[in-house]
Amino acid sequence: MRYLLLLTLIISPTLWAQDNSGFKGRIIDNQGKVFSDALIRIHGTDLETTTNQAGEFSFENLAEGVYELDIEINRAKHYNTSINHDGQQLIINVDALKLDDLVVTANPLEHNQLRMTTPVEILSETDLVLDRGLSIDQTLNRITGVNSGSFGVGAGQVVIRGQQGPRVTILNNNITNQDAASVSPDHWITTEPLLATQVEVLKGPGTLLYGGGAVGGVVNVIDEVIPTQKIDGITGGIEGRFSDNTLSEQTGVFTISGALSDEWMGHLSYFNSQTDDYEIPGFAESEVLHEAEEAHEEEHGDEEHEEEHGDEREGEDFGLLENSSLDSDGFNVGLSRVTDRGYWGISYSDYNRNYGIPGHEHGHEEEGHDEEHDEEEGHDEEEEEIVRIDLDKSVFNIKGLHRLDDDSFIRQFRTHYSNTDYTHVELEGDEVGTLFDNQADEFRLELTHGTIGGFEGVWGFQWTNRDFSALGEEAYILPTETQVWSVFLIEERDFDNWHAEFGLRYDNQTIDSDFFPDFDDDALSISLGATFDLNNNWTLPINLTSAARMATAEELFSNQPLGEELVPHLATNAIEIGNLDLTHEVSNNFDVGLKYRNNGWRFSAALFYNQLDDYIFLRNTGLEEDETSIFVYAQQNATFMGYEADLGYQFEDGFNNQWDFRLFTDGTEAELNTGENVPRIPSNRYGLEINWNRGSWNVGINHTHVADQNDLADFELPTEGYDLLDLNVNWVHYHDRFETLVFLRADNLLDEEIREHASFIKDIAPRPGRSISAGFRLSF
């Protein structure tokens with residue numbers, strides 16, 4: 001990629017004296033604010049410098065030509081952009097730079113999107129303020145290739161190209177997010193979009209960087225808890241949002257970061273979010289499930305139960321999804337020392353969340369009741385108690401980066417240690433049913449080295465220890481301790497009109513339990529990629545990866561050792577039995593894309609083909625215990641294939657109106673080698689976005705059509721498609737010392753009954769109906 005981003009470079013109207021032997025620049029934003037202490041580097045060289053108090057920088061004795069400039073103001077404002085050094089000073093407006101220029105921090109090579117060999121999407125801080133949901137899966141649902149496996153508004157899985165759970169890794173600031181979300185889809189992914197300043201989604205295997213849990217993709221949530229650059233004065237924001245009776249959301253956010261001295265920086269942030277049980281357009285139970293249950297009852301002659309079930313659908317489950325409320329709060333505090341050589345910092349975070357699990361009520365007999373009296377009064381012997389999750393997570397982080405001398409072979413090292421204390425209890429009414437506990441430590445080291453045979457790159461080491469237990473009447477997983485250590489390298493080299501990358505990773509995993517010998521496995525992953533600059537506008541990325549994922553403790557030891565009583569997994573309404581004979585699965589993925597940028601036009605497309613050898617999945621045995629289906633973890637080859645495409649055009653008309661149009665589509669197919677469909681694969685979809693901007697006003701409308709899903713696995717029910725229409729209106733006011741954003745959102749304007757096929761509870765918990773929300777953000 002060597003094209004000129006002329007629209008993003010604002011040349012000062014007053015020409016400075018031309019200097020062919022050096023390059024000078026200045027970094028500003030739309031309001032003319034200058035950025036001091038920003039780190040400026042030139043890719044492919046050892047040259048780097050920082051901006052002065054006037055936002056100016058310079059490189060001496062630099063020949064004229066086209067260069068890749070790296071501009072790092074902070075983690076949320078880190079850009080790669082092409083510049084043409086012609087001897088004149090360039091004034092670079094960072095607000096005019098595009099999302100394409102933002103650096104993907106999850107990649108230690110620090111490339112922007114156009115230089116990445118694998119597909120990636122970035123949500124900026126502005127995108128997050130306007131579009132973020134109550135959990136990370138809802139926030140990312142509009143990205144092509146990404147879907148939500150929702151469990152109400154309280155929790156949900158991120159689905160990337162049809163894969164979720166243990167195949168999608170969630171990161172916080174490039175370190176693994178430790179919780180219990182990969183164990184069960186009803187467990188909240190403990191990262192808070194309300195505090196994020198940037199979110200990156202790497203689609204396709206990210207195993208080379210982050211291990212086997214990333215064979216489907218990576219989501220990296222970035223915040224400024226540990227400041228990594230010097231802060232000029234005090235920055236922060238206050239945000240509030242409220243919604244109508246559909247959700248009854250009340251959310252508040254406060255963030256502040258500042259310089260405590262010349263080198264010491266601090267950060268504090270807090271959020272609180274609450275909703276009531278949310279409103280739905282119709283019945284909680286889908287018509288498809290209702291008809292299937294009626295057919296089953298007719299087949300088995302259960303007329304009495306059929307009559308009761310019909311009464312139930314016509315009653316209290318209409319218009320409101322019971323037990324779908326949430327109450328969440330948390331805070332972050334961070335401290336760092338920032339010097340010319342890098343930074344070292346610590347942080348502490350604490351999150352609390354209490355939310356309902358819709359459709360999962362437990363029956364309990366009432367002790368001391370007169371059975372005859374109950375029958376006379378028409379009461380049931382059992383009283384159904386709602387199930388809620390009460391979660392607490394605290395995280396302690398130590399993080400640092402140190403840049404060495406320019407003539408040193410190791411140019412810099414980056415390290416990160418994280419300690420997580422995670423606990424949640426599943427409450428049945430007021431009683432504790434099951435206690436989940438996860439104590440985890442992770443250490444990561446990355447060394448960036450100089451040139452070897454024309455290649456530059458990163459060598460790394462990663463160690464993780466996870467002590468997990470589930471205790472209680474409904475605990476179906478053995479307590480285990482999992483330890484993984486890994487080494488990896490990623491190398492790159494630029495040629496005349498193309499960029500090459502390759503990587504290797506070795507993982508070793510040991511799982512210790514009280515009932516079985518240690519379970520040991522190791523895996524090797526390899527990746528080859530290239531980005532070809534077809535001309536100044538067209539880029540062709542290609543990536544080939546063979547990535548291994550080792551079996552998790554849940555896949556090995558669920559309901560093991562087999563006893564007289566099998567414990568059901570309430571979230572999936574199934575009995576899941578682990579398989580001690582599982583070996584690691586291997587994902588052989590081929591990804592090819594095409595990107596175009598020119599004169600306001602932008603186009604991105606990707607095709608992927610993923611052959612998974614020894615794919616681990618839950619197979620329905622066809623057996624039941626107490627009317628609960630029995631599944632066993634099995635292995636079989638599977639194929640995932642699909643496409644993603646975005647086409648956009650941005651222009652300004654003759655009346656000072658700025659327009660931005662976007663067309664998008666995606667689709668995934670997945671089959672086992674026997675021809676059976678893989679369950680919970682999202683439906684194909686396409687849509688149109690239109691954004692209008694004039695002065696301080698912005699209006700956007702988004703229409704997405706999701707097709708019916710009839711490619712079903714065994715015992716899976718079809719899902720009807722829907723049309724989602726959203727509208728947002730925003731007003732921005734700039735002041736010398738602060739910026740005010742006021743926004744109004746209308747979601748699901750058509751009041752459609754929306755059920756996501758990737759969700760385990762799609763047939764008993766649709767998404768919210770039509771809702772209107774409003775909010776503000778004051779940034780300073």
# chains A, B, ... in the order shown; residues from 1 in each chain; ligands from 1

$ residues_around --residues "range 578-592 of chain A" --least-positions-apart "2" --cutoff "6 Å" --atoms "only C-alpha atoms" --output "list in words"
Pro541, Ile542, Asn543, Leu544, Thr545, Ser546, Ala547, Ala548, Arg549, Met550, Ala551, Glu555, Leu556, Phe557, Ser558, Ala606, Leu607, Phe608, Tyr609, Asn610, Gln611, Leu612, Asp613, Asp614, Tyr615 and Tyr633 of chain A

$ residues_around --residues "range 320-336 of chain A" --least-positions-apart "3" --cutoff "6 Å" --atoms "only C-alpha atoms" --output "ChimeraX atom specification"
/A:154,225-226,264-280,344-356,358

$ write_last_selection --atoms "C-alpha atoms" --output "PDB file, in the first residue's frame"
ATOM      1  CA  GLY A 154     -27.238  -9.643  30.114  1.00  0.00           C
ATOM      2  CA  VAL A 225      -6.665   2.278  32.212  1.00  0.00           C
ATOM      3  CA  ILE A 226      -2.855   2.267  32.068  1.00  0.00           C
ATOM      4  CA  TRP A 264       3.501  10.108  36.190  1.00  0.00           C
ATOM      5  CA  MET A 265       0.036   9.625  34.640  1.00  0.00           C
ATOM      6  CA  GLY A 266      -3.183   8.471  36.280  1.00  0.00           C
ATOM      7  CA  HIS A 267      -6.601   7.159  35.235  1.00  0.00           C
ATOM      8  CA  LEU A 268      -9.964   6.609  36.940  1.00  0.00           C
ATOM      9  CA  SER A 269     -13.228   5.397  35.384  1.00  0.00           C
ATOM     10  CA  TYR A 270     -16.597   4.247  36.688  1.00  0.00           C
ATOM     11  CA  PHE A 271     -19.838   2.985  35.152  1.00  0.00           C
ATOM     12  CA  ASN A 272     -23.288   1.948  36.313  1.00  0.00           C
ATOM     13  CA  SER A 273     -25.961   0.423  34.092  1.00  0.00           C
ATOM     14  CA  GLN A 274     -29.457  -0.885  34.862  1.00  0.00           C
ATOM     15  CA  THR A 275     -32.400  -2.197  32.858  1.00  0.00           C
ATOM     16  CA  ASP A 276     -35.782  -3.735  33.638  1.00  0.00           C
ATOM     17  CA  ASP A 277     -37.210  -6.879  32.035  1.00  0.00           C
ATOM     18  CA  TYR A 278     -37.435  -5.866  28.397  1.00  0.00           C
ATOM     19  CA  GLU A 279     -40.470  -5.721  26.141  1.00  0.00           C
ATOM     20  CA  ILE A 280     -40.815  -7.995  23.100  1.00  0.00           C
ATOM     21  CA  TRP A 344       5.523   1.072  33.107  1.00  0.00           C
ATOM     22  CA  GLY A 345       2.183   0.943  34.837  1.00  0.00           C
ATOM     23  CA  ILE A 346      -0.252  -0.897  37.091  1.00  0.00           C
ATOM     24  CA  SER A 347      -4.035  -1.027  37.229  1.00  0.00           C
ATOM     25  CA  TYR A 348      -6.881  -2.524  39.244  1.00  0.00           C
ATOM     26  CA  SER A 349     -10.383  -3.198  37.891  1.00  0.00           C
ATOM     27  CA  ASP A 350     -13.525  -4.475  39.577  1.00  0.00           C
ATOM     28  CA  TYR A 351     -16.761  -5.429  37.770  1.00  0.00           C
ATOM     29  CA  ASN A 352     -20.087  -6.517  39.254  1.00  0.00           C
ATOM     30  CA  ARG A 353     -23.084  -7.758  37.274  1.00  0.00           C
ATOM     31  CA  ASN A 354     -26.396  -9.285  38.296  1.00  0.00           C
ATOM     32  CA  TYR A 355     -28.606 -10.441  35.424  1.00  0.00           C
ATOM     33  CA  GLY A 356     -31.436 -12.816  34.698  1.00  0.00           C
ATOM     34  CA  PRO A 358     -34.569 -15.791  30.564  1.00  0.00           C
TER      35      PRO A 358
END

$ residues_around --residues "range 201-211 of chain A" --least-positions-apart "3" --cutoff "8 Å" --atoms "only C-alpha atoms" --output "JSON, numbers by chain"
{"A": [107, 118, 119, 120, 121, 122, 145, 160, 161, 169, 176, 214, 215, 216, 217, 218, 219, 220, 486, 488, 489, 490, 503, 504, 505, 507, 525, 526, 527, 545, 547, 548, 549, 587, 589, 591]}

$ closest_residue --among "A:Ile143, A:Ile28, A:Asp317, A:Asp714" --to "Glu285 in chain A" --atoms "only C-alpha atoms"
A:Asp317

$ residues_around --residues "Val104 in chain A" --least-positions-apart "2" --cutoff "10 Å" --atoms "only C-alpha atoms" --output "number ranges by chain"
A: 75-76, 78-80, 100-102, 106-113, 115-116, 120-122, 198-202, 220

$ write_last_selection --atoms "N, CA and C atoms" --output "PDB file, in the first residue's frame"
ATOM      1  N   ARG A  75      -3.283   4.900  22.754  1.00  0.00           N
ATOM      2  CA  ARG A  75      -3.687   3.626  22.156  1.00  0.00           C
ATOM      3  C   ARG A  75      -4.916   3.769  21.269  1.00  0.00           C
ATOM      4  N   ALA A  76      -5.786   4.727  21.593  1.00  0.00           N
ATOM      5  CA  ALA A  76      -6.986   4.925  20.788  1.00  0.00           C
ATOM      6  C   ALA A  76      -6.739   5.856  19.614  1.00  0.00           C
ATOM      7  N   HIS A  78      -3.767   5.949  17.364  1.00  0.00           N
ATOM      8  CA  HIS A  78      -2.513   5.410  16.853  1.00  0.00           C
ATOM      9  C   HIS A  78      -2.731   5.095  15.377  1.00  0.00           C
ATOM     10  N   TYR A  79      -1.993   5.778  14.507  1.00  0.00           N
ATOM     11  CA  TYR A  79      -2.276   5.725  13.080  1.00  0.00           C
ATOM     12  C   TYR A  79      -1.041   5.308  12.285  1.00  0.00           C
ATOM     13  N   ASN A  80      -1.281   4.607  11.188  1.00  0.00           N
ATOM     14  CA  ASN A  80      -0.324   4.422  10.097  1.00  0.00           C
ATOM     15  C   ASN A  80      -0.889   5.131   8.881  1.00  0.00           C
ATOM     16  N   ASP A 100      -9.217   3.378   8.317  1.00  0.00           N
ATOM     17  CA  ASP A 100      -8.196   2.567   7.662  1.00  0.00           C
ATOM     18  C   ASP A 100      -6.810   2.850   8.212  1.00  0.00           C
ATOM     19  N   ASP A 101      -6.592   4.071   8.716  1.00  0.00           N
ATOM     20  CA  ASP A 101      -5.277   4.461   9.188  1.00  0.00           C
ATOM     21  C   ASP A 101      -5.006   4.067  10.635  1.00  0.00           C
ATOM     22  N   LEU A 102      -6.058   3.715  11.397  1.00  0.00           N
ATOM     23  CA  LEU A 102      -5.867   3.318  12.786  1.00  0.00           C
ATOM     24  C   LEU A 102      -5.039   2.041  12.868  1.00  0.00           C
ATOM     25  N   ALA A 106      -3.762  -5.188  18.367  1.00  0.00           N
ATOM     26  CA  ALA A 106      -3.711  -6.623  18.661  1.00  0.00           C
ATOM     27  C   ALA A 106      -2.613  -7.313  17.861  1.00  0.00           C
ATOM     28  N   ASN A 107      -2.113  -6.666  16.821  1.00  0.00           N
ATOM     29  CA  ASN A 107      -1.005  -7.191  16.037  1.00  0.00           C
ATOM     30  C   ASN A 107       0.268  -6.475  16.480  1.00  0.00           C
ATOM     31  N   PRO A 108       1.245  -7.193  17.058  1.00  0.00           N
ATOM     32  CA  PRO A 108       2.455  -6.523  17.559  1.00  0.00           C
ATOM     33  C   PRO A 108       3.280  -5.864  16.462  1.00  0.00           C
ATOM     34  N   LEU A 109       3.013  -6.193  15.187  1.00  0.00           N
ATOM     35  CA  LEU A 109       3.710  -5.519  14.092  1.00  0.00           C
ATOM     36  C   LEU A 109       3.174  -4.117  13.845  1.00  0.00           C
ATOM     37  N   GLU A 110       2.037  -3.790  14.465  1.00  0.00           N
ATOM     38  CA  GLU A 110       1.457  -2.444  14.459  1.00  0.00           C
ATOM     39  C   GLU A 110       1.192  -1.932  13.044  1.00  0.00           C
ATOM     40  N   HIS A 111       0.348  -2.668  12.317  1.00  0.00           N
ATOM     41  CA  HIS A 111      -0.076  -2.255  10.980  1.00  0.00           C
ATOM     42  C   HIS A 111      -1.468  -1.640  11.043  1.00  0.00           C
ATOM     43  N   ASN A 112      -1.796  -0.830  10.046  1.00  0.00           N
ATOM     44  CA  ASN A 112      -3.179  -0.400   9.904  1.00  0.00           C
ATOM     45  C   ASN A 112      -3.966  -1.464   9.152  1.00  0.00           C
ATOM     46  N   GLN A 113      -5.264  -1.226   8.966  1.00  0.00           N
ATOM     47  CA  GLN A 113      -6.132  -2.257   8.382  1.00  0.00           C
ATOM     48  C   GLN A 113      -5.724  -2.637   6.970  1.00  0.00           C
ATOM     49  N   ARG A 115      -2.879  -2.736   5.622  1.00  0.00           N
ATOM     50  CA  ARG A 115      -1.628  -3.485   5.513  1.00  0.00           C
ATOM     51  C   ARG A 115      -1.723  -4.875   6.132  1.00  0.00           C
ATOM     52  N   MET A 116      -2.833  -5.161   6.825  1.00  0.00           N
ATOM     53  CA  MET A 116      -3.012  -6.457   7.455  1.00  0.00           C
ATOM     54  C   MET A 116      -3.266  -7.525   6.392  1.00  0.00           C
ATOM     55  N   VAL A 120      -9.717  -7.396   9.230  1.00  0.00           N
ATOM     56  CA  VAL A 120      -9.841  -6.782  10.546  1.00  0.00           C
ATOM     57  C   VAL A 120     -10.800  -5.606  10.451  1.00  0.00           C
ATOM     58  N   GLU A 121     -11.556  -5.379  11.520  1.00  0.00           N
ATOM     59  CA  GLU A 121     -12.445  -4.223  11.617  1.00  0.00           C
ATOM     60  C   GLU A 121     -12.152  -3.504  12.933  1.00  0.00           C
ATOM     61  N   ILE A 122     -12.271  -2.178  12.906  1.00  0.00           N
ATOM     62  CA  ILE A 122     -12.025  -1.365  14.089  1.00  0.00           C
ATOM     63  C   ILE A 122     -13.233  -0.480  14.361  1.00  0.00           C
ATOM     64  N   GLN A 198     -11.550   1.802  21.995  1.00  0.00           N
ATOM     65  CA  GLN A 198     -11.401   1.209  20.672  1.00  0.00           C
ATOM     66  C   GLN A 198     -11.624  -0.291  20.794  1.00  0.00           C
ATOM     67  N   VAL A 199     -12.262  -0.879  19.787  1.00  0.00           N
ATOM     68  CA  VAL A 199     -12.438  -2.330  19.739  1.00  0.00           C
ATOM     69  C   VAL A 199     -11.968  -2.823  18.378  1.00  0.00           C
ATOM     70  N   GLU A 200     -11.131  -3.861  18.391  1.00  0.00           N
ATOM     71  CA  GLU A 200     -10.592  -4.444  17.158  1.00  0.00           C
ATOM     72  C   GLU A 200     -11.103  -5.877  17.023  1.00  0.00           C
ATOM     73  N   VAL A 201     -11.513  -6.235  15.825  1.00  0.00           N
ATOM     74  CA  VAL A 201     -11.983  -7.589  15.544  1.00  0.00           C
ATOM     75  C   VAL A 201     -11.121  -8.176  14.442  1.00  0.00           C
ATOM     76  N   LEU A 202     -10.362  -9.225  14.765  1.00  0.00           N
ATOM     77  CA  LEU A 202      -9.559  -9.949  13.781  1.00  0.00           C
ATOM     78  C   LEU A 202     -10.350 -11.179  13.372  1.00  0.00           C
ATOM     79  N   ASN A 220     -10.325  -7.539  20.524  1.00  0.00           N
ATOM     80  CA  ASN A 220      -9.446  -6.823  21.443  1.00  0.00           C
ATOM     81  C   ASN A 220     -10.126  -5.538  21.884  1.00  0.00           C
TER      82      ASN A 220
END

$ select_by_dssp --residues "range 226-299 of chain A" --states "strand (DSSP E or B)" --output "MDAnalysis selection string"
chainID A and resid 234:243 250:259 264:275 279:283

$ residues_around --residues "Ala196 in chain A" --least-positions-apart "2" --cutoff "12 Å" --atoms "only C-alpha atoms" --output "PyMOL selection string"
chain A and resi 75-76+123-129+132-133+135-136+139+171-173+191-194+198-200+220-225+253-255+269-271+332

$ residues_around --residues "Gly156 in chain A" --least-positions-apart "6" --cutoff "9 Å" --atoms "only C-alpha atoms" --output "MDAnalysis selection string"
chainID A and resid 135:138 148:150 181 185:189 759

$ write_last_selection --atoms "C-alpha atoms" --output "PDB file, in the first residue's frame"
ATOM      1  CA  SER A 135     -22.654  -6.408  26.168  1.00  0.00           C
ATOM      2  CA  ILE A 136     -19.798  -6.833  23.702  1.00  0.00           C
ATOM      3  CA  ASP A 137     -21.677  -9.239  21.388  1.00  0.00           C
ATOM      4  CA  GLN A 138     -24.451  -6.679  20.825  1.00  0.00           C
ATOM      5  CA  SER A 148     -24.408 -12.240  18.319  1.00  0.00           C
ATOM      6  CA  GLY A 149     -25.223 -15.440  20.163  1.00  0.00           C
ATOM      7  CA  SER A 150     -27.349 -13.543  22.669  1.00  0.00           C
ATOM      8  CA  ALA A 181     -17.775 -17.223  29.232  1.00  0.00           C
ATOM      9  CA  PRO A 185     -23.085 -19.139  26.619  1.00  0.00           C
ATOM     10  CA  ASP A 186     -25.118 -17.691  29.509  1.00  0.00           C
ATOM     11  CA  HIS A 187     -21.965 -16.405  31.204  1.00  0.00           C
ATOM     12  CA  TRP A 188     -21.171 -12.739  30.587  1.00  0.00           C
ATOM     13  CA  ILE A 189     -18.036 -11.878  28.624  1.00  0.00           C
ATOM     14  CA  SER A 759     -28.265 -18.161  20.163  1.00  0.00           C
TER      15      SER A 759
END

$ residues_around --residues "Thr45 in chain A" --least-positions-apart "4" --cutoff "12 Å" --atoms "only C-alpha atoms" --output "VMD selection string"
chain A and resid 40 to 41 59 62 67 to 70 406 to 407 411 450 to 451 454 456 494

$ closest_residue --among "A:Glu64, A:Asp660, A:Glu752, A:Glu492" --to "Ile690 in chain A" --atoms "only C-alpha atoms"
A:Asp660

$ closest_residue --among "A:Ile234, A:Ile701, A:Ala180, A:Val458" --to "Leu744 in chain A" --atoms "only C-alpha atoms"
A:Ile701

$ atom_distance --atom1 "CA of Thr510 in chain A" --atom2 "CA of Leu524 in chain A"
15.3 Å

$ closest_atom_pairs --of "range 498-582 of chain A" --to "range 470-477 of chain A" --cutoff "10 Å" --atoms "only C-alpha atoms" --output "JSON lines"
{"residue": "A:Ala553", "atom": "CA", "partner": "A:Ile477", "partner_atom": "CA", "distance": 8.1}
{"residue": "A:Glu554", "atom": "CA", "partner": "A:Ile477", "partner_atom": "CA", "distance": 6.3}
{"residue": "A:Glu555", "atom": "CA", "partner": "A:Ile477", "partner_atom": "CA", "distance": 9.3}
{"residue": "A:Leu556", "atom": "CA", "partner": "A:Ile477", "partner_atom": "CA", "distance": 9.2}
{"residue": "A:Phe557", "atom": "CA", "partner": "A:Ile477", "partner_atom": "CA", "distance": 6.2}
{"residue": "A:Ser558", "atom": "CA", "partner": "A:Ile477", "partner_atom": "CA", "distance": 4.6}
{"residue": "A:Asn559", "atom": "CA", "partner": "A:Tyr476", "partner_atom": "CA", "distance": 5.1}
{"residue": "A:Gln560", "atom": "CA", "partner": "A:Ile477", "partner_atom": "CA", "distance": 7.4}
{"residue": "A:Pro561", "atom": "CA", "partner": "A:Ile477", "partner_atom": "CA", "distance": 9.8}
{"residue": "A:Leu566", "atom": "CA", "partner": "A:Tyr476", "partner_atom": "CA", "distance": 7.8}
{"residue": "A:Val567", "atom": "CA", "partner": "A:Tyr476", "partner_atom": "CA", "distance": 5.4}
{"residue": "A:Pro568", "atom": "CA", "partner": "A:Tyr476", "partner_atom": "CA", "distance": 7.0}
{"residue": "A:His569", "atom": "CA", "partner": "A:Tyr476", "partner_atom": "CA", "distance": 7.0}
{"residue": "A:Leu570", "atom": "CA", "partner": "A:Glu474", "partner_atom": "CA", "distance": 8.2}
{"residue": "A:Ile575", "atom": "CA", "partner": "A:Tyr476", "partner_atom": "CA", "distance": 8.7}
{"residue": "A:Glu576", "atom": "CA", "partner": "A:Tyr476", "partner_atom": "CA", "distance": 8.2}
{"residue": "A:Ile577", "atom": "CA", "partner": "A:Tyr476", "partner_atom": "CA", "distance": 8.8}
{"residue": "A:Gly578", "atom": "CA", "partner": "A:Ile477", "partner_atom": "CA", "distance": 8.9}
